[in-house]
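What follows is a single structure, written as structure tokens, with notes after it.
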Amino acid sequence: MNKYLDSIGKNAKKAFIEKVSSKVKNKVLKKYISLIDREKNLILRENLKDIKFALKKKLKNHLVERLILNYEKLNIIKNSVKKIIKLKDPVDNILEKWKRTNGLTIKRVSVPIGVIGVIYESRPNVTSDVASLCFKSGNSVILKGGSEAINTNKILTKLFRKALKENKINENFIQLIESKNRKMVDHMLSKMEAYIDVVIPRGGKNLVKRVQDFSVLPIIGHLEGLCHTFVDKDAKLKMAINIIYNAKLRNTSICGATETILLHKKIVKKFCNPILKKLEENNCKIYGDDFLKKYYNGKIYSAKEKNWSTEHLSATVSVKCVKDCSEAIDHINKYGTMHTDSIITKNNKTAKKFLKNVKSSIAMHNTSTQFADGGEFGFGGEVGISTNTLPPRGPVGLNQLVSYKYEITSKGQTRK
């Protein structure tokens with residue numbers, strides 16, 4: 001196992017040293033799209049093997065749903081790569097330039113990070129998104145997908161490597177650890193600091209916690225997506241109904257789904273039934289506090305303290321009534337995970353207070369939390385969402401996969 005992984009690490013380092021022009025990067029990505037198109041039936045056959053395996057293992061429904069590919073989802077994968085092609089190459093750009101009185105000309109220039117390790121579960125589109133983003137940003141990547149998606153990940157990686165080879169580029173810019181052995185992850189996190197520069201976990205709480213516990217490498221990522229939507233006293237009812245329905249139920253299994261709704265006490269009587277009835281009619285289970293129970297006419301379960309720190313990832317929501325925006329902010333900063341939090345209000349002063357004071361990496365106004373996605377931000381895709389206090393924060397796309405260095409020139413200056 002050690003030899004296998006060290007070999008992958010060495011290959012990744014070697015590939016990273018090779019510099020590829022923007023033109024060639026885009027040629028590779030275009031070739032990758034055409035190969036996905038040409039081999040779509042083969043990809044779906046391999047995906048079917050994984051689906052059968054997942055059902056046999058009795059994986060949770062939301063994990064199986066994330067795993068499934070079809071022609072429509074393959075088109076989404078291709079469109080994501082097309083968007084990445086259109087984006088400007090983030091490498092070797094002069095970010096700042098200035099001259100000093102000491103005779104130095106200083107440039108801050110963008111550079112790739114190096115070798116990126118990505119550990120993820122279920123979603124095969126991650127293989128394509130991550131490979132494309134890392135390659136375009138000049139990084140080599142070591143992928144460790146979940147065992148439930150091994151066949152799909154293998155074929156998608158194989159096609160990317162083929163696109164690299166046909167353009168005479170080192171195939172090892174993209175490598176997949178083709179093993180179901182979970183010890184591979186532990187070795188990757190604790191014994192590969194000579195090869196991997198940063199690791200990005202993308203998956204459920206258990207996976208991310210394991211990465212955080214084991215890793216000796218820097219981590220970009222988030223543990224949970226405990227997102228909130230606060231309906232202020234100055235909210236428009238129709239807007240609140242539409243946003244909350246979308247934020248909770250459009251896709252319950254994504255990290256940007258709203259898990260807790262906060263309602264301003266002054267509008268509970270008028271707003272709670274139209275907002276929550278729409279959720280309940282669509283099979284959403286509602287946990288609410290005592291104040292809400294006085295006014296809501298539908299089926300409601302008593303919320304306990306643990307509800308405020310629960311990421312449901314299902315058609316279940318927790319609802320708390322708060323006296324004002326300050327209490328909403330305090331609740332979010334106490335129980336939230338610095339992922340995505342939104343306020344619904346027509347009062348711009350209140351909105352500004354919310355946006356500036358929640359600790360979230362993504363703060364929203366009159367917007368569904370389901371927009372917490374690199375593709376929706378115009379990043380072409382993402383390798384994940386970061387809730388780190390240090391940058392990068394929020395969706396990690398092309399421009400977040402680079403670092404920088406200082407290039408300094410002078411006319412023979414020496415320091416006095």
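Naming scheme: A, B, ... for chains in displayed order of the structure tokens; residues 1 onward per chain; ligands 1 onward as shown.
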
Each residue of stretch 27-121 of chain A lying at most 7 Å from stretch 397-405 of chain A should get a row with its shortest atom-to-atom pair and the distance in Å to one decimal, counting only C-alpha atoms; could you produce that, ordered by chain and increasing number, as a tab-separated table?
```
residue	atom	partner	partner_atom	distance
A:Pro90	CA	A:Asn399	CA	5.7
A:Arg108	CA	A:Lys405	CA	5.7
A:Val109	CA	A:Tyr404	CA	5.3
A:Ser110	CA	A:Tyr404	CA	4.2
A:Val111	CA	A:Tyr404	CA	5.0
A:Pro112	CA	A:Val402	CA	4.5
A:Ile113	CA	A:Val402	CA	5.3
```

Handout entry: Residue contacts of A:Glu46 (7 Å, only C-alpha atoms) excluding same-chain residues fewer than 4 positions away, as a PyMOL selection string
Key = chain A and resi 42+50+151-152

Output file for the residues above (N, CA and C atoms, as a compact mmCIF listing (two decimals), in the first residue's frame):
```txt
# COMPACT_ATOMS: atom_id res chain seq x y z
N LEU A 42 -20.96 3.85 -22.03
CA LEU A 42 -20.00 3.11 -21.19
C LEU A 42 -20.00 3.69 -19.77
N ASP A 50 -22.15 0.60 -9.86
CA ASP A 50 -22.05 1.27 -8.56
C ASP A 50 -23.41 1.39 -7.88
N ASN A 151 -16.41 2.47 -9.81
CA ASN A 151 -16.43 2.19 -11.25
C ASN A 151 -16.66 3.45 -12.08
N THR A 152 -17.58 4.30 -11.61
CA THR A 152 -17.85 5.56 -12.31
C THR A 152 -16.63 6.47 -12.25
```

Handout entry: For A:Glu281: contacts at 12 Å, only C-alpha atoms, fewer than 3 positions along chain excluded, given as JSON, numbers by chain
Key = {"A": [245, 249, 273, 274, 275, 276, 277, 278, 284, 285, 286, 298, 299, 315]}

Exercise for the section: Show which residues sit within 8 Å of A:Met239, as a ChimeraX atom specification. Count only C-alpha atoms, and ignore same-chain residues fewer than 4 positions away. Expected result: /A:235,243,344,366

Practice task
Per DSSP on the backbone, filter stretch 57-92 of chain A down to the residues in alpha helix (DSSP H) and report them as a PyMOL selection string.
Solution key: chain A and resi 61-67+71-86

Can I get the selected residues back with C-alpha atoms, as an mmCIF file, in the first residue's frame?
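Generated file (again03.cif):
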```cif
data_model
loop_
_atom_site.group_PDB
_atom_site.id
_atom_site.type_symbol
_atom_site.label_atom_id
_atom_site.label_comp_id
_atom_site.auth_asym_id
_atom_site.auth_seq_id
_atom_site.Cartn_x
_atom_site.Cartn_y
_atom_site.Cartn_z
ATOM 1 C CA ASN A 61 -31.330 7.239 -0.036
ATOM 2 C CA HIS A 62 -29.609 10.625 -0.313
ATOM 3 C CA LEU A 63 -26.251 8.892 -0.952
ATOM 4 C CA VAL A 64 -27.752 6.702 -3.686
ATOM 5 C CA GLU A 65 -29.413 9.754 -5.277
ATOM 6 C CA ARG A 66 -26.063 11.577 -5.378
ATOM 7 C CA LEU A 67 -24.481 8.568 -7.057
ATOM 8 C CA TYR A 71 -27.879 11.540 -19.872
ATOM 9 C CA GLU A 72 -29.138 14.760 -18.286
ATOM 10 C CA LYS A 73 -26.519 14.641 -15.530
ATOM 11 C CA LEU A 74 -23.783 13.884 -18.064
ATOM 12 C CA ASN A 75 -24.838 17.042 -19.922
ATOM 13 C CA ILE A 76 -24.517 18.981 -16.650
ATOM 14 C CA ILE A 77 -20.995 17.548 -16.206
ATOM 15 C CA LYS A 78 -20.041 18.577 -19.762
ATOM 16 C CA ASN A 79 -21.544 22.059 -19.317
ATOM 17 C CA SER A 80 -19.538 22.530 -16.138
ATOM 18 C CA VAL A 81 -16.305 21.758 -18.035
ATOM 19 C CA LYS A 82 -17.388 24.131 -20.845
ATOM 20 C CA LYS A 83 -17.773 26.922 -18.281
ATOM 21 C CA ILE A 84 -14.287 26.206 -16.901
ATOM 22 C CA ILE A 85 -12.850 26.455 -20.424
ATOM 23 C CA LYS A 86 -14.350 29.946 -20.796
#
```

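Between A:Ile267 and the candidates A:Arg38, A:Arg250, A:Lys233, A:Lys238, the tightest atom-to-atom separation, counting only C-alpha atoms, involves A:Lys233.
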
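Minimum atom-to-atom distance to A:Leu35, evaluated using only C-alpha atoms, belongs to A:Ala163 out of A:Leu226, A:Leu355, A:Ile119, A:Ala163.
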
Problem - Atom-to-atom span, atom CA of A:Met1 and atom CA of A:Ser215, Å - result: 17.9 Å

Handout entry: Who sits within 7 Å of stretch 331-333 of chain A, only C-alpha atoms, same chain under 4 positions skipped, as a ChimeraX atom specification
Key = /A:327,358-359

May I have the residues from that selection written out with N, CA and C atoms, as a PDB file, in the first residue's frame?
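out-v4.pdb was written with the following content:
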```
ATOM      1  N   GLU A 327     -30.977  38.812  17.852  1.00  0.00           N
ATOM      2  CA  GLU A 327     -31.130  37.461  18.415  1.00  0.00           C
ATOM      3  C   GLU A 327     -30.925  36.402  17.327  1.00  0.00           C
ATOM      4  N   VAL A 358     -23.178  38.163  10.810  1.00  0.00           N
ATOM      5  CA  VAL A 358     -23.123  36.690  10.873  1.00  0.00           C
ATOM      6  C   VAL A 358     -21.716  36.256  10.455  1.00  0.00           C
ATOM      7  N   LYS A 359     -21.213  35.218  11.092  1.00  0.00           N
ATOM      8  CA  LYS A 359     -19.834  34.772  10.833  1.00  0.00           C
ATOM      9  C   LYS A 359     -19.713  33.911   9.569  1.00  0.00           C
TER      10      LYS A 359
END
```

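If you count only C-alpha atoms and ignore residues fewer than 3 places along the chain from A:Met184, what sits within 10 Å of it is Met1, Asn2, Tyr4, Leu5, Lys144, Ile177, Glu178, Ser179, Lys180, Asn181, His187, Met188 and Leu189 of chain A.
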
Could you write out the selected residues, including N, CA and C atoms, as a CSV table (one decimal), in the first residue's frame?
```
chain,number,residue,atom,x,y,z
A,1,MET,N,0.8,-1.2,0.0
A,1,MET,CA,0.0,0.0,0.0
A,1,MET,C,0.9,1.3,0.0
A,2,ASN,N,1.9,1.3,0.9
A,2,ASN,CA,2.8,2.4,1.0
A,2,ASN,C,3.5,2.7,-0.3
A,4,TYR,N,2.5,1.9,-3.3
A,4,TYR,CA,1.5,2.3,-4.3
A,4,TYR,C,1.2,3.8,-4.2
A,5,LEU,N,1.0,4.2,-2.9
A,5,LEU,CA,0.6,5.6,-2.7
A,5,LEU,C,1.8,6.5,-2.9
A,144,LYS,N,-9.4,10.6,-4.2
A,144,LYS,CA,-9.8,9.4,-3.5
A,144,LYS,C,-11.3,9.4,-3.3
A,177,ILE,N,-6.9,7.1,-6.8
A,177,ILE,CA,-6.5,5.9,-5.9
A,177,ILE,C,-7.6,4.8,-6.1
A,178,GLU,N,-7.2,3.8,-6.9
A,178,GLU,CA,-8.2,2.8,-7.3
A,178,GLU,C,-8.2,1.6,-6.3
A,179,SER,N,-8.6,2.0,-5.1
A,179,SER,CA,-8.7,1.0,-4.0
A,179,SER,C,-9.9,1.3,-3.1
A,180,LYS,N,-10.5,0.3,-2.6
A,180,LYS,CA,-11.6,0.5,-1.6
A,180,LYS,C,-11.1,0.4,-0.2
A,181,ASN,N,-9.8,0.2,0.0
A,181,ASN,CA,-9.2,0.1,1.3
A,181,ASN,C,-9.2,1.4,2.0
A,187,HIS,N,-3.3,6.8,5.4
A,187,HIS,CA,-1.9,6.9,4.9
A,187,HIS,C,-1.8,8.2,4.1
A,188,MET,N,-2.7,8.5,3.3
A,188,MET,CA,-2.7,9.7,2.5
A,188,MET,C,-2.7,11.0,3.4
A,189,LEU,N,-3.4,10.9,4.5
A,189,LEU,CA,-3.5,12.1,5.3
A,189,LEU,C,-2.3,12.2,6.3
```

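Atom CA of A:Val185 sits 8.3 Å away from atom CA of A:Val211.
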
If we count only C-alpha atoms and set the cut-off at 9 Å, which residues sit around A:Leu164, ignoring sequence neighbours fewer than 4 positions away in its own chain? Please answer as a PDB file with N, CA and C atoms, in the first residue's frame.
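What follows is the written file out_2.pdb:
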```pdb
ATOM      1  N   LYS A  25      -4.267  23.731 -22.087  1.00  0.00           N
ATOM      2  CA  LYS A  25      -5.206  23.345 -21.016  1.00  0.00           C
ATOM      3  C   LYS A  25      -6.621  23.245 -21.576  1.00  0.00           C
ATOM      4  N   VAL A  28      -7.184  20.250 -23.853  1.00  0.00           N
ATOM      5  CA  VAL A  28      -7.378  19.020 -23.061  1.00  0.00           C
ATOM      6  C   VAL A  28      -8.831  18.944 -22.571  1.00  0.00           C
ATOM      7  N   LEU A  29      -9.328  20.048 -22.037  1.00  0.00           N
ATOM      8  CA  LEU A  29     -10.693  20.062 -21.496  1.00  0.00           C
ATOM      9  C   LEU A  29     -11.741  19.848 -22.590  1.00  0.00           C
ATOM     10  N   LYS A  31     -11.228  18.127 -25.325  1.00  0.00           N
ATOM     11  CA  LYS A  31     -11.101  16.702 -25.673  1.00  0.00           C
ATOM     12  C   LYS A  31     -11.844  15.849 -24.639  1.00  0.00           C
ATOM     13  N   TYR A  32     -11.722  16.236 -23.370  1.00  0.00           N
ATOM     14  CA  TYR A  32     -12.399  15.507 -22.293  1.00  0.00           C
ATOM     15  C   TYR A  32     -13.917  15.521 -22.511  1.00  0.00           C
ATOM     16  N   LEU A 159     -10.898   8.693 -18.841  1.00  0.00           N
ATOM     17  CA  LEU A 159     -11.170   9.559 -20.000  1.00  0.00           C
ATOM     18  C   LEU A 159     -10.389  10.873 -19.902  1.00  0.00           C
ATOM     19  N   PHE A 160     -10.263  11.405 -18.684  1.00  0.00           N
ATOM     20  CA  PHE A 160      -9.481  12.647 -18.523  1.00  0.00           C
ATOM     21  C   PHE A 160      -8.012  12.382 -18.846  1.00  0.00           C
ATOM     22  N   LYS A 168      -0.387  15.132 -25.447  1.00  0.00           N
ATOM     23  CA  LYS A 168       1.028  15.010 -25.059  1.00  0.00           C
ATOM     24  C   LYS A 168       1.340  15.702 -23.724  1.00  0.00           C
ATOM     25  N   ILE A 169       0.408  15.600 -22.804  1.00  0.00           N
ATOM     26  CA  ILE A 169       0.587  16.147 -21.450  1.00  0.00           C
ATOM     27  C   ILE A 169       0.642  14.968 -20.470  1.00  0.00           C
ATOM     28  N   ASN A 170       1.454  15.126 -19.445  1.00  0.00           N
ATOM     29  CA  ASN A 170       1.619  14.087 -18.427  1.00  0.00           C
ATOM     30  C   ASN A 170       0.258  13.668 -17.844  1.00  0.00           C
ATOM     31  N   GLU A 171      -0.073  12.404 -18.011  1.00  0.00           N
ATOM     32  CA  GLU A 171      -1.368  11.874 -17.525  1.00  0.00           C
ATOM     33  C   GLU A 171      -1.526  12.018 -16.016  1.00  0.00           C
ATOM     34  N   ASN A 172      -0.382  12.077 -15.313  1.00  0.00           N
ATOM     35  CA  ASN A 172      -0.428  12.061 -13.855  1.00  0.00           C
ATOM     36  C   ASN A 172      -0.789  13.400 -13.223  1.00  0.00           C
ATOM     37  N   PHE A 173      -1.192  14.356 -14.056  1.00  0.00           N
ATOM     38  CA  PHE A 173      -1.835  15.541 -13.501  1.00  0.00           C
ATOM     39  C   PHE A 173      -3.095  15.098 -12.757  1.00  0.00           C
ATOM     40  N   ILE A 174      -3.728  14.021 -13.244  1.00  0.00           N
ATOM     41  CA  ILE A 174      -4.948  13.491 -12.628  1.00  0.00           C
ATOM     42  C   ILE A 174      -4.715  12.020 -12.298  1.00  0.00           C
TER      43      ILE A 174
END
```

Practice task
Taking the DSSP assignment computed from this structure's backbone, write out as a list in words all residues of stretch 20-173 of chain A that belong to strand (DSSP E).
Solution key: Ile94, Leu95, Glu96, Lys97, Trp98, Lys99, Thr105, Ile106, Lys107, Arg108, Val109, Ser110, Val111, Pro112, Val115, Ile116, Gly117, Val118, Ile119, Tyr120, Ser140, Val141, Ile142, Leu143 and Lys144 of chain A

Please, could you write that set of residues out with C-alpha atoms as a PDB file, in the first residue's frame?
```
ATOM      1  CA  ILE A  94       0.086  39.991 -11.909  1.00  0.00           C
ATOM      2  CA  LEU A  95      -2.179  40.687  -8.929  1.00  0.00           C
ATOM      3  CA  GLU A  96      -0.335  43.831  -7.838  1.00  0.00           C
ATOM      4  CA  LYS A  97       2.750  45.750  -8.923  1.00  0.00           C
ATOM      5  CA  TRP A  98       4.531  48.672  -7.272  1.00  0.00           C
ATOM      6  CA  LYS A  99       7.863  50.484  -7.121  1.00  0.00           C
ATOM      7  CA  THR A 105      10.039  46.749  -8.359  1.00  0.00           C
ATOM      8  CA  ILE A 106       7.690  44.289  -6.636  1.00  0.00           C
ATOM      9  CA  LYS A 107       5.080  42.091  -8.321  1.00  0.00           C
ATOM     10  CA  ARG A 108       2.630  39.781  -6.599  1.00  0.00           C
ATOM     11  CA  VAL A 109       1.993  36.951  -9.059  1.00  0.00           C
ATOM     12  CA  SER A 110      -0.532  34.072  -8.912  1.00  0.00           C
ATOM     13  CA  VAL A 111       0.921  30.543  -8.819  1.00  0.00           C
ATOM     14  CA  PRO A 112      -0.619  27.058  -8.501  1.00  0.00           C
ATOM     15  CA  VAL A 115      -0.450  18.753  -5.443  1.00  0.00           C
ATOM     16  CA  ILE A 116      -4.021  18.681  -4.145  1.00  0.00           C
ATOM     17  CA  GLY A 117      -5.529  15.635  -2.491  1.00  0.00           C
ATOM     18  CA  VAL A 118      -9.319  15.409  -2.704  1.00  0.00           C
ATOM     19  CA  ILE A 119     -11.277  12.877  -0.632  1.00  0.00           C
ATOM     20  CA  TYR A 120     -14.966  12.654  -1.450  1.00  0.00           C
ATOM     21  CA  SER A 140      -1.974  18.108 -10.104  1.00  0.00           C
ATOM     22  CA  VAL A 141      -4.592  16.184  -8.149  1.00  0.00           C
ATOM     23  CA  ILE A 142      -4.835  12.871  -6.308  1.00  0.00           C
ATOM     24  CA  LEU A 143      -8.467  11.736  -6.107  1.00  0.00           C
ATOM     25  CA  LYS A 144      -9.841   9.351  -3.483  1.00  0.00           C
TER      26      LYS A 144
END
```

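Proximity to A:Ser137 was assessed for A:Ala149, A:Ile244, A:Leu176, A:Val396 counting only C-alpha atoms; the smallest distance is recorded for A:Val396.
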
Problem - Point-to-point distance in Å for atom CA of A:Met338 and atom CA of A:Leu217 - result: 21.7 Å
